[in-house]
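A.B. asks: I'd like to ask some things about the structure below.
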Amino acid sequence: MIKNALTNLSKSVFLYLDFMINIVWIRRDLRLEDNTALHHALKSYNNVQLLFIFDDAILNELPLDDARVTFIHQSLLELDKQLKAYNSSVYCIRGNVQEVWKQLLNDYSIQSVHFNRDYEPYATERDQKIVDLLNKSGVKHQTYKDHVIFEKNEILKADLSPYTVYTPYKNKWLAAFKNQNSTPLKSNFKTLNQSNYIIPSIEELGFTTSQIKVKPYTLESIENYAQTRDFPSIDNTSYLSPHLRFGTISIRQVIKQLPQESEVFLSELIWREFFTQILAHFPQVQANNFKSKYNGIEWRNNKDDFEKWCKGETGYPIVDAGMRQLNQTGYMHNRVRMIVAGFLCKHLLIDWKWGEAYFAKKLLDYDLAANNGNWQWSAGTGCDAAPYFRIFNPTEQIKKFDKDLTYIKTWVKDFNELTYPKPMVDHKFARERCLQTYRKGIN
DNA sequence: TGAAATGTTGGGGCG
DNA sequence: ACGCCCCAACATTTC
């Protein structure tokens, strides 16, 4: 009798659980393959439903034709298409993230919630609020490492403090990488929730389609990366960065598919993790110099100068070409990023935060940790940064890396050395002024 | 993941 | 054949 009752009870509990949904909240992991949170949810639960929230707090700051929103939207449509094979779909909504979750908890019977960790300060805080909400509602939840090979506390110095210099960090990272298994996960999609949600159109989300598109990535070119990476006219670019930003490919998939002897490329991926852990350990770098001894630099912060830089009208062809590539495509070659960033900080003496903000608006691959880290590197204010007296000569850089002007002519139409506008500031003068200003500003 | 300034060396012109 | 000068080429130091 008692045994029967228990059996019935467990049956009804089973039926009830079978009715409940398990949510995988995707954010910057817009893929089905090798998605850690999704993998574990599928393994442990039935009725796994994907959720994506267009976060008002982020979207309200963006122009209506933001290219990243278009890319996210298209990636979601692609995901949704793949889910159709399993009679499932993505539940996609725009709103205030907390309000959306309150509504979901109210409208659905939720058994568990899963998501991959995001390490940016805003995201960390936002996610904590959702975790609190789930705790209050008594809903099981689990977060996962997915975005990086190693999180901030997995690569530490012997005294357990974080690394702030790249090379020893990299050595430790490589040593740790050898001893671990990071093969991509194979998932079983049979436990996806049967659903037929419709993804809102880009207009319904309050946006319009951008003309700027994310290019597909390629891993083939990586073989020659070390030889070609400094030459912006050689488009040997992998275009992985936006895909890593939004997780349309996982870091484990990338590393697994790297050709032999791509240490230099791998090193760039380690820079990505280096800056990710720097931001996570030192969130104050978002608004401050990593090294406070540079706080006294008196930036000129001239608005007209900044405008010229943004538009690519500095009179320095390589700087102008880079900025025009950025404005037209949402991308800029890495070598040129260093040149334009150095020019803004050192020739124009404009606070790196202005440049950082402009890149944040324009770059398809914008990532707070990497963008901040690299801008501070350029300005000389960062951890393991370029010394302040290392000043790029925009003309020398052409001689070294765009000798035949191919890159420049690609982005500066009808470029003519003789009729090109005069430099907005003389190099020698700007160099001296920079050295003087930095010397004076450093304590 | 610099570039400029300064220092050193050695070959060739020339008296 | 010698010493002197010039300067390109390379090396080192400095910013």
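Labels for the structure tokens follow display order: chains A, B, ..., residues from 1 in each chain, ligands from 1.
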Chain A residues within 9 Å of chain B, counting only C-alpha atoms (C1' of nucleotides): which ones, as a ChimeraX atom specification?

C.D. replies: /A:335,338,386,389-393,396

A.B. asks: Take the residues that were just selected and, keeping C-alpha atoms, output them as a short mmCIF file (atom, residue, chain, number, x, y, z; two decimals), in the first residue's frame.

C.D. replies:
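The result, stored in result-v8.cif:
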data_model
loop_
_atom_site.label_atom_id
_atom_site.label_comp_id
_atom_site.auth_asym_id
_atom_site.auth_seq_id
_atom_site.Cartn_x
_atom_site.Cartn_y
_atom_site.Cartn_z
CA ARG A 335 48.96 46.29 -37.13
CA MET A 338 48.29 49.78 -33.08
CA ALA A 386 54.41 49.64 -24.44
CA PHE A 389 58.60 56.68 -25.33
CA ARG A 390 57.83 54.03 -27.91
CA ILE A 391 56.18 56.22 -30.51
CA PHE A 392 55.21 54.91 -33.92
CA ASN A 393 56.22 57.00 -36.88
CA GLU A 396 58.07 54.67 -41.19
#

A.B. asks: Could you name the residues that touch segment 208-212 of chain A at 7 Å or less, counting only C-alpha atoms (C1' of nucleotides), but leaving out those on the same chain fewer than 2 positions away, as a list in words?

C.D. replies: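 These residues fall inside the cut-off: Leu64, Asp65, Asp66, Ala67, Thr70, Ile202, Glu203, Val214, Thr329 and Gly330 of chain A.
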
A.B. asks: Would you please extract all helix (DSSP H, G or I) residues from segment 84-331 of chain A, as assigned by DSSP on the backbone, and give them as a ChimeraX atom specification?

C.D. replies: /A:84,97-107,121-137,166-178,189-191,220-228,241-246,251-257,263-281,283-286,292-294,303-311,317-329

A.B. asks: Using C-alpha atoms, can you export the residues from the last selection as a compact mmCIF listing (two decimals), in the first residue's frame?

C.D. replies:
# COMPACT_ATOMS: atom_id res chain seq x y z
CA LYS A 84 13.98 22.98 -36.24
CA VAL A 97 16.82 41.35 -18.15
CA GLN A 98 15.51 41.22 -14.60
CA GLU A 99 11.97 41.96 -15.68
CA VAL A 100 12.15 39.31 -18.37
CA TRP A 101 13.28 36.70 -15.84
CA LYS A 102 10.55 37.67 -13.37
CA GLN A 103 8.04 37.22 -16.15
CA LEU A 104 9.51 33.86 -17.17
CA LEU A 105 9.42 32.61 -13.59
CA ASN A 106 5.81 33.69 -13.43
CA ASP A 107 4.70 32.23 -16.76
CA PRO A 121 31.77 43.80 -14.91
CA TYR A 122 28.29 44.72 -16.15
CA ALA A 123 27.45 41.14 -17.10
CA THR A 124 28.78 39.75 -13.83
CA GLU A 125 26.57 42.10 -11.85
CA ARG A 126 23.53 41.50 -14.05
CA ASP A 127 23.94 37.72 -13.85
CA GLN A 128 24.33 37.83 -10.08
CA LYS A 129 20.95 39.54 -9.83
CA ILE A 130 19.40 36.76 -11.87
CA VAL A 131 21.08 34.13 -9.68
CA ASP A 132 19.64 35.90 -6.63
CA LEU A 133 16.23 35.90 -8.24
CA LEU A 134 16.48 32.19 -9.05
CA ASN A 135 17.59 31.45 -5.51
CA LYS A 136 14.64 33.38 -4.15
CA SER A 137 12.31 31.42 -6.40
CA TYR A 166 51.98 38.67 -20.35
CA THR A 167 54.99 36.39 -20.92
CA PRO A 168 54.99 34.59 -17.57
CA TYR A 169 51.20 34.36 -17.81
CA LYS A 170 51.52 32.77 -21.21
CA ASN A 171 54.13 30.28 -19.99
CA LYS A 172 51.92 29.23 -17.12
CA TRP A 173 48.91 29.04 -19.45
CA LEU A 174 50.77 26.79 -21.89
CA ALA A 175 52.02 24.53 -19.12
CA ALA A 176 48.50 24.21 -17.73
CA PHE A 177 47.07 23.65 -21.19
CA LYS A 178 49.34 20.66 -21.76
CA PHE A 189 19.98 17.14 -28.78
CA LYS A 190 17.16 14.66 -28.22
CA THR A 191 16.18 16.27 -24.95
CA GLU A 220 43.25 27.91 -43.23
CA SER A 221 45.13 31.18 -43.40
CA ILE A 222 46.53 30.72 -39.91
CA GLU A 223 49.42 28.63 -41.14
CA ASN A 224 51.14 31.75 -42.49
CA TYR A 225 50.02 34.02 -39.68
CA ALA A 226 53.50 34.64 -38.26
CA GLN A 227 54.89 35.65 -41.67
CA THR A 228 51.98 37.74 -42.91
CA SER A 241 37.38 37.74 -33.59
CA PRO A 242 33.66 38.55 -33.97
CA HIS A 243 32.88 34.84 -33.93
CA LEU A 244 34.80 34.39 -30.71
CA ARG A 245 33.09 37.48 -29.33
CA PHE A 246 29.61 36.13 -29.93
CA ILE A 251 37.58 28.65 -28.21
CA ARG A 252 38.07 24.88 -27.88
CA GLN A 253 36.95 24.28 -31.46
CA VAL A 254 39.36 26.95 -32.66
CA ILE A 255 42.35 25.59 -30.76
CA LYS A 256 41.62 22.04 -31.80
CA GLN A 257 41.57 23.04 -35.46
CA GLU A 263 52.32 29.31 -31.76
CA VAL A 264 52.15 32.93 -32.80
CA PHE A 265 48.43 32.69 -33.47
CA LEU A 266 47.85 30.72 -30.28
CA SER A 267 49.73 33.45 -28.47
CA GLU A 268 47.10 35.94 -29.66
CA LEU A 269 44.38 33.73 -28.22
CA ILE A 270 46.30 33.69 -24.95
CA TRP A 271 46.42 37.51 -25.04
CA ARG A 272 42.61 37.33 -25.19
CA GLU A 273 42.54 35.27 -22.01
CA PHE A 274 45.22 37.44 -20.42
CA PHE A 275 43.12 40.57 -20.84
CA THR A 276 39.95 38.73 -19.83
CA GLN A 277 41.50 37.80 -16.51
CA ILE A 278 43.02 41.27 -16.07
CA LEU A 279 39.56 42.85 -16.39
CA ALA A 280 38.07 40.23 -14.08
CA HIS A 281 40.74 40.76 -11.40
CA PRO A 283 37.57 45.78 -12.97
CA GLN A 284 38.67 49.33 -12.21
CA VAL A 285 40.70 49.36 -15.44
CA GLN A 286 37.43 49.98 -17.25
CA SER A 292 48.08 55.11 -11.60
CA LYS A 293 51.49 56.70 -12.02
CA TYR A 294 50.25 57.90 -15.41
CA LYS A 303 37.51 67.68 -30.02
CA ASP A 304 38.35 68.81 -33.55
CA ASP A 305 41.45 66.64 -33.55
CA PHE A 306 39.38 63.71 -32.34
CA GLU A 307 36.85 64.26 -35.13
CA LYS A 308 39.58 64.21 -37.73
CA TRP A 309 40.95 60.99 -36.31
CA CYS A 310 37.50 59.36 -36.26
CA LYS A 311 36.82 60.28 -39.87
CA PRO A 317 47.66 57.96 -45.03
CA ILE A 318 48.10 54.82 -42.93
CA VAL A 319 46.10 56.28 -40.04
CA ASP A 320 43.38 57.50 -42.38
CA ALA A 321 43.21 54.17 -44.21
CA GLY A 322 42.81 52.31 -40.93
CA MET A 323 40.04 54.53 -39.65
CA ARG A 324 38.21 54.34 -42.96
CA GLN A 325 38.48 50.56 -42.97
CA LEU A 326 36.96 50.60 -39.48
CA ASN A 327 34.18 53.00 -40.44
CA GLN A 328 33.28 51.11 -43.59
CA THR A 329 33.62 47.51 -42.43

A.B. asks: Taking only C-alpha atoms (C1' of nucleotides) into account, which residues of chain A are within 12 Å of chain C, as a PyMOL selection string?

C.D. replies: chain A and resi 387-391+431-432+434-436+438-439

A.B. asks: Assign secondary structure with DSSP using the backbone only, and return the residues of segment 121-323 of chain A in strand (DSSP E) as a list in words.

C.D. replies: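 In segment 121-323 of chain A, DSSP puts these residues in strand (DSSP E): Lys140, His141, Gln142, Thr143 and Tyr144 of chain A.
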
A.B. asks: Okay, now the selection with N, CA and C atoms, as a PDB file, in the first residue's frame?

C.D. replies:
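Contents of the output file again_21.pdb:
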ATOM      1  N   LYS A 140      16.664  25.678  -9.414  1.00  0.00           N
ATOM      2  CA  LYS A 140      18.045  25.210  -9.562  1.00  0.00           C
ATOM      3  C   LYS A 140      18.733  25.941 -10.702  1.00  0.00           C
ATOM      4  N   HIS A 141      19.999  26.209 -10.520  1.00  0.00           N
ATOM      5  CA  HIS A 141      20.720  26.887 -11.608  1.00  0.00           C
ATOM      6  C   HIS A 141      22.187  26.513 -11.550  1.00  0.00           C
ATOM      7  N   GLN A 142      22.812  26.599 -12.706  1.00  0.00           N
ATOM      8  CA  GLN A 142      24.223  26.244 -12.806  1.00  0.00           C
ATOM      9  C   GLN A 142      24.874  27.134 -13.851  1.00  0.00           C
ATOM     10  N   THR A 143      26.067  27.648 -13.534  1.00  0.00           N
ATOM     11  CA  THR A 143      26.809  28.412 -14.534  1.00  0.00           C
ATOM     12  C   THR A 143      28.048  27.622 -14.932  1.00  0.00           C
ATOM     13  N   TYR A 144      28.598  27.942 -16.094  1.00  0.00           N
ATOM     14  CA  TYR A 144      29.685  27.132 -16.656  1.00  0.00           C
ATOM     15  C   TYR A 144      30.793  27.992 -17.240  1.00  0.00           C
TER      16      TYR A 144
END

A.B. asks: Could you give me, as a list in words, the residues within 6 Å of Ser89 of chain A, counting only C-alpha atoms (C1' of nucleotides) and dropping anything in the same chain fewer than 3 positions from it?

C.D. replies: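 Non-adjacent residues within range: Asp80, Leu83, Ser195, Asn196 and Tyr197 of chain A.
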
A.B. asks: Just to confirm, what's the straight-line distance from atom CA of Asp146 of chain A to atom CA of Thr248 of chain A in Å (one decimal)?

C.D. replies: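 Pair atom CA of Asp146 of chain A / atom CA of Thr248 of chain A returns 12.2 Å.
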